[in-house]
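In what follows, a single structure is set out as structure tokens and then discussed.
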Amino acid sequence: MAAEINFMVGGEAGQGVQTIGFVLAKVMARTGLHVFADQDYESRVRGGHNFYRVRASNTEVQALSEKIDVLIALDQATVELHFTEVKSDGITIFDRDKIEVKGKKHAQLGIPLEKLAMETTSNKLMTNSVAIGAAIAIAGGNFELLAQVLREHFTHLGKQLAEDNMKAAKAGYDHARQEQAPNSIHAIKPPSKKSKRMLLNGNEAIALGAMVAGCKFVSAYPMTPASSIMEYIADKGRQFDVVVIQPEDEIAAINMIIGAAFTGVRAMTATSGGGFSLMVEGLSLAGITETPIVAILAQRPGPAVGLPTRTEQGELGFVLHAGHGEFPRAVLAPISIEDAFYSAVKAFNIADRYQIPVIMLTDQHLASSYQTVQRFNLKKVSIDRGLILSKKEASGLKDYKRHKLTRSGISPRAIPLQGTALVVTDSDEHDEEGHMIEDGRMREKMVLKRLRKLEGLRDGITKPRLSGEPDAEITLIGWGSTYGAIVEAASILSRQGIITNVMQMSDLWPFPAQAVTSILNKAGKSVVVENNATGQLATLIRAQTGIKVDATIPKFDGRPFSPGYIVKELKKGVA
């Protein structure tokens, strides 16, 4: 039996590609396997070419695989685009009445998918469920487990709909078992000890982290790929007492969370590059009023609308300097779905502790990819509200100074109307009491007071993660969601005799210059891997450390890295 199996489901938008992919991923996870699943879709409701990849393994997987064991083709375009990606011992499942497959490079299983759907449910929309059943049969899966997942997935839409999907899936399952010889079934043996793992995507992990951190107000305008953060929290909002508002635009969204945070509420917004562009004036307002907010920027290819449903890491330089004037901010870029959860908690703690805006950089790949993860350890979660005065402390103050000059740059924070302390601030430059001023010396003091926060913040950021041999020939460097692909690429290279290690960055600002310098001074060849055209991390490393990396591996076609792509490009230009 195989140790790993890779599915791809392809078809037009509206054919249920996402449903098949998610159900397959969930069944594989319930089997006890490690799962990584990603999706590629166009920005249209109907038509276009979409596909969903599911990788299931006995060992942990953190990235996609370019080779396919089971291709499920719901339309002709999927065969034409992906037929050559199927392994020589793989198999293509297709509707033999609708799709023509030429060539015999691997096994083919033509099933009358739509006919079986009509015979069992009188509904051709159930064609995708017939295909799910066939795929599970090919993988040697248990139908009862598939039925359980389908029941959970569809029952909320109606009991009859769930029953029809199970009937259609059973028809596909039985047909595939009859048509396919037992010795050609691509079975994967699940581990003997099953561990209960969650199947989450990055946006769900961020949403969960925000709620655990005590976020009580979310204001966001829908924008792919960030929208599902707001949707997920809205779905759980009543259960966890979170207020979720969709305002008229992104300008209103950031101003609303600034208002909520001013009153002491942990508040967050989520958007993509275009939406964040509209928010930058509000970001400066949070900077000068020292209001703690969290903003999620889920990157996609730009400029302008770009490729709205694809992935990229094109906004690192943007967020470091977004907003007019000079003020401190923190920039975090979670490297995995598990890290996204803990980074969300950390973002709120940093925002409160230093009274600054915190930006979390994610991207479409991390936002919408699913992975099996262990249950989050809530013992690792701590809540730090920073220097907030109690009601009693605030009541005992006669002359409260919201922007008091301190050595750390952090002023005692009172909550309006909680106690007798009068809380005053202004978007104009102000004095310690918060009243607007024109005085040059006070202006200098306030700018330096705010910037002093960076000194303390530098000590609290996470240093780059270095994995692998310290004296490796090649050091692969990345940030954010590229981690899984880079780590697996390093493992492949090391097995091939090219000893490689990985430096992955999750906390990007304040930049950990000392730690990065220490690692790179010991590195052999240094290679930055990032999803943009201009090498934004490589540029930042040189600006902050003076070190020019040896090479970069860019990718900016809107698609994520795979381990195989990194290995190929590295051998072509560096190794």
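Simple scheme: letters A, B, ... for chains in structure tokens order, numbers from 1 for residues in each chain, numbers from 1 for ligands in the order shown.
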task = Name the residues of range 168-268 of chain A that come out as alpha helix (DSSP H) in a backbone DSSP run; write them as a ChimeraX atom specification.
result = /A:168-179,202-212,227-240,250-262
request  = Tell me which protein, DNA and RNA residues are within 10 Å of Arg402 in chain A, counting only C-alpha atoms, leaving out same-chain ones fewer than 3 positions away, and put them as a list in words.
outcome  = Thr289, Glu290, Asp399, Leu405, Ile410, Ser411, Pro412, Arg413, Ala414, Ile415, Ala421, Leu422, Val423, Val424, Thr425, Asp431, Glu432, Glu433, Gly434 and His435 of chain A
query = In terms of the shortest atom-to-atom distance over only C-alpha atoms, which of A:Ala513, A:Met223, A:Ile99, A:Ala37 is closest to Arg300 in chain A?
reply =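 Of all the options, A:Met223 lies closest to Arg300 in chain A.
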Show which residues sit within 10 Å of range 556-559 of chain A, as a CSV table (one decimal) with N, CA, C and O atoms, in the first residue's frame. Count only C-alpha atoms, and ignore same-chain residues fewer than 2 positions away.
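This went into around_29.csv:
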chain,number,residue,atom,x,y,z
A,40,ASP,N,-7.4,26.2,-6.5
A,40,ASP,CA,-7.1,27.2,-7.5
A,40,ASP,C,-8.4,27.5,-8.2
A,40,ASP,O,-9.0,26.6,-8.8
A,300,ARG,N,-3.0,39.2,-2.4
A,300,ARG,CA,-3.3,38.6,-3.7
A,300,ARG,C,-2.5,39.4,-4.7
A,300,ARG,O,-2.1,40.5,-4.4
A,301,PRO,N,-2.4,38.9,-6.0
A,301,PRO,CA,-1.6,39.7,-6.9
A,301,PRO,C,-2.2,41.0,-7.3
A,301,PRO,O,-3.4,41.1,-7.6
A,302,GLY,N,-1.4,42.0,-7.3
A,302,GLY,CA,-1.8,43.3,-7.8
A,302,GLY,C,-0.9,43.7,-9.0
A,302,GLY,O,-0.2,42.8,-9.5
A,306,GLY,N,-5.7,43.1,-10.2
A,306,GLY,CA,-4.7,42.0,-10.4
A,306,GLY,C,-5.4,40.7,-10.7
A,306,GLY,O,-6.3,40.5,-11.5
A,307,LEU,N,-5.0,39.6,-9.9
A,307,LEU,CA,-5.6,38.3,-10.0
A,307,LEU,C,-6.3,38.1,-8.7
A,307,LEU,O,-5.7,37.7,-7.7
A,308,PRO,N,-7.6,38.4,-8.5
A,308,PRO,CA,-8.2,38.5,-7.2
A,308,PRO,C,-8.3,37.2,-6.5
A,308,PRO,O,-8.6,37.2,-5.3
A,309,THR,N,-8.2,36.1,-7.2
A,309,THR,CA,-8.3,34.8,-6.5
A,309,THR,C,-7.0,34.0,-6.4
A,309,THR,O,-7.1,32.8,-6.1
A,310,ARG,N,-5.9,34.6,-6.7
A,310,ARG,CA,-4.6,33.9,-6.7
A,310,ARG,C,-3.8,34.4,-5.5
A,310,ARG,O,-4.2,35.2,-4.7
A,311,THR,N,-2.6,33.9,-5.5
A,311,THR,CA,-1.7,34.2,-4.3
A,311,THR,C,-0.5,35.0,-4.7
A,311,THR,O,0.0,34.9,-5.8
A,312,GLU,N,0.0,35.8,-3.7
A,312,GLU,CA,1.3,36.5,-4.0
A,312,GLU,C,1.8,37.1,-2.6
A,312,GLU,O,1.0,37.2,-1.7
A,313,GLN,N,3.0,37.5,-2.6
A,313,GLN,CA,3.6,38.1,-1.4
A,313,GLN,C,4.1,39.5,-1.8
A,313,GLN,O,5.3,39.8,-1.6
A,314,GLY,N,3.3,40.3,-2.4
A,314,GLY,CA,3.7,41.5,-3.0
A,314,GLY,C,3.6,42.8,-2.1
A,314,GLY,O,3.9,43.9,-2.6
A,364,GLN,N,-3.4,34.4,-0.2
A,364,GLN,CA,-4.5,33.5,-0.6
A,364,GLN,C,-4.1,32.0,-0.3
A,364,GLN,O,-5.0,31.2,0.1
A,365,HIS,N,-2.9,31.7,-0.5
A,365,HIS,CA,-2.5,30.3,-0.3
A,365,HIS,C,-2.7,29.9,1.2
A,365,HIS,O,-3.3,28.8,1.4
A,530,GLU,N,10.5,33.7,-2.5
A,530,GLU,CA,9.3,34.5,-2.1
A,530,GLU,C,8.5,34.7,-3.4
A,530,GLU,O,8.9,34.7,-4.5
A,531,ASN,N,7.2,34.8,-3.1
A,531,ASN,CA,6.1,35.0,-4.1
A,531,ASN,C,6.0,36.4,-4.6
A,531,ASN,O,4.9,37.1,-4.4
A,532,ASN,N,7.1,37.0,-5.1
A,532,ASN,CA,7.0,38.3,-5.7
A,532,ASN,C,8.1,38.5,-6.8
A,532,ASN,O,9.0,37.6,-6.8
A,533,ALA,N,8.0,39.5,-7.5
A,533,ALA,CA,9.0,39.7,-8.6
A,533,ALA,C,10.2,40.5,-8.2
A,533,ALA,O,11.3,40.3,-8.9
A,534,THR,N,10.1,41.3,-7.2
A,534,THR,CA,11.2,42.2,-6.9
A,534,THR,C,12.1,41.8,-5.7
A,534,THR,O,13.0,42.6,-5.4
A,554,PRO,N,12.2,33.8,-7.3
A,554,PRO,CA,10.9,34.5,-7.3
A,554,PRO,C,9.8,33.6,-8.0
A,554,PRO,O,10.1,32.8,-8.8
A,561,PHE,N,4.3,28.2,-4.3
A,561,PHE,CA,5.4,27.3,-4.5
A,561,PHE,C,5.1,25.8,-4.2
A,561,PHE,O,4.3,25.6,-3.3
A,562,SER,N,5.7,24.9,-4.9
A,562,SER,CA,5.7,23.5,-4.5
A,562,SER,C,7.1,23.2,-4.2
A,562,SER,O,8.1,23.8,-4.7
request  = Once DSSP has gone over the backbone, tell me which residues of range 356-454 of chain A are in strand (DSSP E), as an MDAnalysis selection string.
outcome  = chainID A and resid 357:363 370:373
Output the selection as a PDB file, in the first residue's frame - N, CA and C atoms for each residue.
ATOM      1  N   PRO A 357      -0.730  49.982  16.093  1.00  0.00           N
ATOM      2  CA  PRO A 357      -1.385  49.084  15.132  1.00  0.00           C
ATOM      3  C   PRO A 357      -0.486  47.893  14.813  1.00  0.00           C
ATOM      4  N   VAL A 358      -1.087  46.722  14.687  1.00  0.00           N
ATOM      5  CA  VAL A 358      -0.363  45.507  14.309  1.00  0.00           C
ATOM      6  C   VAL A 358      -0.977  44.984  13.019  1.00  0.00           C
ATOM      7  N   ILE A 359      -0.112  44.687  12.056  1.00  0.00           N
ATOM      8  CA  ILE A 359      -0.555  44.189  10.751  1.00  0.00           C
ATOM      9  C   ILE A 359      -0.141  42.732  10.626  1.00  0.00           C
ATOM     10  N   MET A 360      -1.093  41.868  10.310  1.00  0.00           N
ATOM     11  CA  MET A 360      -0.797  40.459  10.018  1.00  0.00           C
ATOM     12  C   MET A 360      -0.858  40.251   8.513  1.00  0.00           C
ATOM     13  N   LEU A 361       0.261  39.823   7.937  1.00  0.00           N
ATOM     14  CA  LEU A 361       0.330  39.553   6.501  1.00  0.00           C
ATOM     15  C   LEU A 361       0.087  38.069   6.239  1.00  0.00           C
ATOM     16  N   THR A 362      -0.965  37.765   5.526  1.00  0.00           N
ATOM     17  CA  THR A 362      -1.180  36.398   5.042  1.00  0.00           C
ATOM     18  C   THR A 362      -1.300  36.483   3.523  1.00  0.00           C
ATOM     19  N   ASP A 363      -1.779  35.433   2.896  1.00  0.00           N
ATOM     20  CA  ASP A 363      -1.994  35.454   1.453  1.00  0.00           C
ATOM     21  C   ASP A 363      -3.044  34.410   1.097  1.00  0.00           C
ATOM     22  N   TYR A 370      -6.200  24.038   3.305  1.00  0.00           N
ATOM     23  CA  TYR A 370      -6.556  23.263   4.498  1.00  0.00           C
ATOM     24  C   TYR A 370      -5.404  22.350   4.899  1.00  0.00           C
ATOM     25  N   GLN A 371      -5.256  22.170   6.196  1.00  0.00           N
ATOM     26  CA  GLN A 371      -4.240  21.259   6.700  1.00  0.00           C
ATOM     27  C   GLN A 371      -4.736  20.640   8.000  1.00  0.00           C
ATOM     28  N   THR A 372      -4.342  19.406   8.242  1.00  0.00           N
ATOM     29  CA  THR A 372      -4.652  18.786   9.525  1.00  0.00           C
ATOM     30  C   THR A 372      -3.655  19.299  10.566  1.00  0.00           C
ATOM     31  N   VAL A 373      -4.177  19.747  11.690  1.00  0.00           N
ATOM     32  CA  VAL A 373      -3.335  20.271  12.771  1.00  0.00           C
ATOM     33  C   VAL A 373      -3.806  19.692  14.098  1.00  0.00           C
TER      34      VAL A 373
END
inquiry  = When you count only C-alpha atoms, which of these residues is closest to Arg55 in chain A: A:His82, A:Lys379, A:Lys26, A:Arg441?
reply    =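 Of all the options, A:Lys26 lies closest to Arg55 in chain A.
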query = Between A:Ala137, A:Val35, A:Ala171, A:Ile91, which is the closest to Glu114 in chain A once you count only C-alpha atoms?
reply =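 Of the candidates, the smallest distance to Glu114 in chain A is held by A:Ala171.
Every protein, DNA or RNA residue with an atom at most 9 Å from Lys346 in chain A, where only C-alpha atoms count and chain neighbours fewer than 5 positions away do not, is listed here: Gly209, Ala213, Phe341, Ala351, Val381, Ser382 and Ile383 of chain A.
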ask   = Got a sec: who's within 9 Å of range 138-146 of chain A, counting only C-alpha atoms, leaving out chain neighbours fewer than 5 positions off, as a list in words?
value =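 So the residues in contact are Ile5, Val23, Leu24, Lys26, Val27, Met28, Arg30, Thr31, Val70, Ile91, Ile132, Gly133, Arg151, Met166, Ala169, Lys170, Tyr173, Ala176, Arg177, Gln180, Ser184, Ile185, His186, Ala187, Ile188 and Lys189 of chain A.
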With C-alpha atoms kept, could you save the residues just selected as a CSV table (one decimal), in the first residue's frame?
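Produced file result18.csv, reproduced below:
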chain,number,residue,atom,x,y,z
A,5,ILE,CA,-2.0,9.7,-2.2
A,23,VAL,CA,-15.2,16.2,1.3
A,24,LEU,CA,-12.2,14.2,0.1
A,26,LYS,CA,-12.2,15.6,5.4
A,27,VAL,CA,-12.6,11.9,4.7
A,28,MET,CA,-8.8,11.4,4.5
A,30,ARG,CA,-11.0,11.2,9.5
A,31,THR,CA,-9.2,8.1,8.3
A,70,VAL,CA,-6.1,10.2,-8.9
A,91,ILE,CA,-5.7,6.9,-12.8
A,132,ILE,CA,-16.6,11.5,-4.8
A,133,GLY,CA,-17.8,7.9,-4.3
A,151,ARG,CA,-24.4,13.8,6.1
A,166,MET,CA,-25.1,9.7,-0.1
A,169,ALA,CA,-21.9,8.7,-3.8
A,170,LYS,CA,-22.8,5.0,-3.1
A,173,TYR,CA,-18.4,3.9,-5.1
A,176,ALA,CA,-15.8,2.0,-9.3
A,177,ARG,CA,-15.3,-1.1,-7.2
A,180,GLN,CA,-11.6,-1.5,-11.2
A,184,SER,CA,-5.1,-1.7,-9.2
A,185,ILE,CA,-6.9,0.2,-6.4
A,186,HIS,CA,-4.7,3.1,-5.1
A,187,ALA,CA,-5.2,2.2,-1.5
A,188,ILE,CA,-3.3,4.0,1.3
A,189,LYS,CA,-2.9,2.4,4.6
ask   = Quick one: of A:Asn201, A:Ser491, A:Asn50, A:Gln160, who's nearest to Ile566 in chain A, counting only C-alpha atoms?
value =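 Nearest to Ile566 in chain A: A:Ser491.
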key: Point-to-point distance from CA of Gln108 in chain A to CA of Gly48 in chain A, Å rounded to tenths   =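 Separation between CA of Gln108 in chain A and CA of Gly48 in chain A: 24.1 Å.
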task = Counting only C-alpha atoms, figure out which residue out of A:Ile335, A:Leu283, A:Leu451, A:Val212 gets nearest to Gly478 in chain A.
result = A:Ile335
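The coordinates place CA of Thr269 in chain A at 28.6 Å from CA of Ala485 in chain A.
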Proximity to Leu125 in chain A - best of A:Asn165, A:Asn501, A:Ser494, A:Ser506, only C-alpha atoms =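 Nearest candidate to Leu125 in chain A out of A:Asn165, A:Asn501, A:Ser494, A:Ser506: A:Asn165.
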